Amino acid sequence: MEYEKSYTGLLIWFAAFTVVTTLIGHFPVDEALKGLIFGNAVFIFIVIFTWMVHRNGRIYWYPGITCEQSAEAGYEKRHEYAKKHFQCAGIFAILYFGYSFIAFFAGIPSRISLVVFCIGYLAVLVRMKRMKL
């Protein structure tokens with residue numbers, strides 16, 4: 001079976017991400033809670049994205065990987081590379097969810113939660129960027 005280039009799944013994921021995160025902005029809840037819901041939604045969508053890449057082996061959806069490099073790597077290397085990304089995203093999503101739960105009940109200011117979200121998100125991106133095929 002030939003390795004085919006396709007962005008259909010990525011476009012569907014992006015459309016769903018856009019719709020869900022936009023709808024969160026219209027939730028009739030406290031702004032701090034809305035921010036925590038938004039942060040969790042973003043991390044959930046990152047996990048979904050990395051799961052999709054792992055499931056279908058389309059690692060060229062990641063920046064810096066071409067479809068040709070992906071095809072040359074072979075099935076096993078592609079899936080191992082994608083699995084590392086999926087695990088990294090999953091760990092950070094679980095950690096942020098735990099933080100959100102604590103932040104909500106402890107009354108931690110939304111500015112602090114925003115900083116925690118940004119640091120976590122950047123950490124995920126840096127960690128993923130350092131992974132080699």
# chains A, B, ... in the order shown; residues from 1 in each chain; ligands from 1

$ residues_around --residues "region 38-42 of chain A" --least-positions-apart "5" --cutoff "7 Å" --atoms "only C-alpha atoms" --output "ChimeraX atom specification"
/A:21,24,96-97,117

$ residues_around --residues "region 81-93 of chain A" --least-positions-apart "3" --cutoff "6 Å" --atoms "only C-alpha atoms" --output "count of residues only"
8

$ select_by_dssp --residues "chain A" --states "alpha helix (DSSP H)" --output "PyMOL selection string"
chain A and resi 8-24+31-56+67-106+110-130

$ write_last_selection --atoms "C-alpha atoms" --output "tab-separated table (two decimals), in the first residue's frame"
chain	number	residue	atom	x	y	z
A	8	THR	CA	-8.68	15.84	5.42
A	9	GLY	CA	-8.43	14.72	9.05
A	10	LEU	CA	-6.37	17.76	9.94
A	11	LEU	CA	-8.94	20.10	8.40
A	12	ILE	CA	-11.79	18.36	10.26
A	13	TRP	CA	-9.81	18.59	13.53
A	14	PHE	CA	-9.08	22.28	12.95
A	15	ALA	CA	-12.74	23.05	12.18
A	16	ALA	CA	-13.89	21.23	15.33
A	17	PHE	CA	-11.23	23.00	17.41
A	18	THR	CA	-12.33	26.38	16.08
A	19	VAL	CA	-16.03	25.73	16.70
A	20	VAL	CA	-15.56	24.34	20.22
A	21	THR	CA	-13.17	27.03	21.43
A	22	THR	CA	-15.41	29.75	19.97
A	23	LEU	CA	-18.47	28.29	21.71
A	24	ILE	CA	-16.60	28.22	25.01
A	31	GLU	CA	-14.62	34.24	33.38
A	32	ALA	CA	-12.16	32.32	35.55
A	33	LEU	CA	-14.07	29.07	35.02
A	34	LYS	CA	-14.38	29.86	31.32
A	35	GLY	CA	-10.59	30.23	31.13
A	36	LEU	CA	-10.05	26.88	32.83
A	37	ILE	CA	-12.57	25.20	30.50
A	38	PHE	CA	-10.82	26.78	27.52
A	39	GLY	CA	-7.40	25.62	28.71
A	40	ASN	CA	-8.63	22.07	29.20
A	41	ALA	CA	-10.34	22.09	25.80
A	42	VAL	CA	-7.10	23.17	24.12
A	43	PHE	CA	-5.12	20.39	25.81
A	44	ILE	CA	-7.84	17.84	24.98
A	45	PHE	CA	-7.70	18.91	21.35
A	46	ILE	CA	-3.91	18.61	21.35
A	47	VAL	CA	-4.28	15.06	22.69
A	48	ILE	CA	-6.90	14.29	20.04
A	49	PHE	CA	-4.60	15.69	17.35
A	50	THR	CA	-1.61	13.64	18.50
A	51	TRP	CA	-3.82	10.54	18.75
A	52	MET	CA	-4.99	11.11	15.16
A	53	VAL	CA	-1.39	11.42	13.98
A	54	HIS	CA	-0.43	8.28	15.89
A	55	ARG	CA	-3.42	6.35	14.57
A	56	ASN	CA	-2.91	7.19	10.90
A	67	CYS	CA	5.54	13.68	3.49
A	68	GLU	CA	8.63	12.22	1.78
A	69	GLN	CA	10.52	11.98	5.10
A	70	SER	CA	7.47	10.39	6.65
A	71	ALA	CA	7.18	7.79	3.88
A	72	GLU	CA	10.91	6.99	4.04
A	73	ALA	CA	10.79	6.49	7.81
A	74	GLY	CA	8.50	3.51	7.47
A	75	TYR	CA	5.49	2.42	9.49
A	76	GLU	CA	7.23	1.50	12.74
A	77	LYS	CA	9.32	4.68	13.04
A	78	ARG	CA	6.34	6.89	12.18
A	79	HIS	CA	4.16	5.30	14.80
A	80	GLU	CA	6.87	5.34	17.47
A	81	TYR	CA	7.52	9.03	16.78
A	82	ALA	CA	3.79	9.81	16.91
A	83	LYS	CA	3.38	7.74	20.08
A	84	LYS	CA	5.98	9.89	21.88
A	85	HIS	CA	4.04	13.03	20.93
A	86	PHE	CA	0.76	11.48	22.05
A	87	GLN	CA	2.21	10.49	25.42
A	88	CYS	CA	3.75	13.94	25.97
A	89	ALA	CA	0.47	15.69	25.17
A	90	GLY	CA	-1.49	13.27	27.32
A	91	ILE	CA	0.71	13.77	30.37
A	92	PHE	CA	0.45	17.56	30.16
A	93	ALA	CA	-3.32	17.37	29.62
A	94	ILE	CA	-3.73	15.26	32.76
A	95	LEU	CA	-1.50	17.61	34.75
A	96	TYR	CA	-3.40	20.68	33.57
A	97	PHE	CA	-6.74	19.05	34.31
A	98	GLY	CA	-5.54	18.33	37.85
A	99	TYR	CA	-4.33	21.90	38.22
A	100	SER	CA	-7.67	23.22	36.91
A	101	PHE	CA	-9.60	21.23	39.47
A	102	ILE	CA	-7.43	22.55	42.29
A	103	ALA	CA	-7.43	26.12	40.91
A	104	PHE	CA	-11.20	26.21	40.65
A	105	PHE	CA	-11.83	25.06	44.21
A	106	ALA	CA	-8.91	26.98	45.73
A	110	SER	CA	-7.36	33.51	36.49
A	111	ARG	CA	-4.15	35.40	35.68
A	112	ILE	CA	-2.13	32.73	37.46
A	113	SER	CA	-4.06	30.01	35.63
A	114	LEU	CA	-3.32	31.76	32.33
A	115	VAL	CA	0.41	31.78	33.16
A	116	VAL	CA	0.28	28.09	34.13
A	117	PHE	CA	-1.53	27.31	30.87
A	118	CYS	CA	0.99	29.25	28.75
A	119	ILE	CA	3.99	27.68	30.47
A	120	GLY	CA	2.47	24.21	30.10
A	121	TYR	CA	1.60	24.78	26.46
A	122	LEU	CA	5.09	26.08	25.67
A	123	ALA	CA	6.64	23.16	27.53
A	124	VAL	CA	4.62	20.72	25.40
A	125	LEU	CA	5.67	22.49	22.20
A	126	VAL	CA	9.36	22.60	23.16
A	127	ARG	CA	9.34	18.97	24.27
A	128	MET	CA	7.68	17.85	21.04
A	129	LYS	CA	10.00	19.93	18.87
A	130	ARG	CA	13.03	18.23	20.45
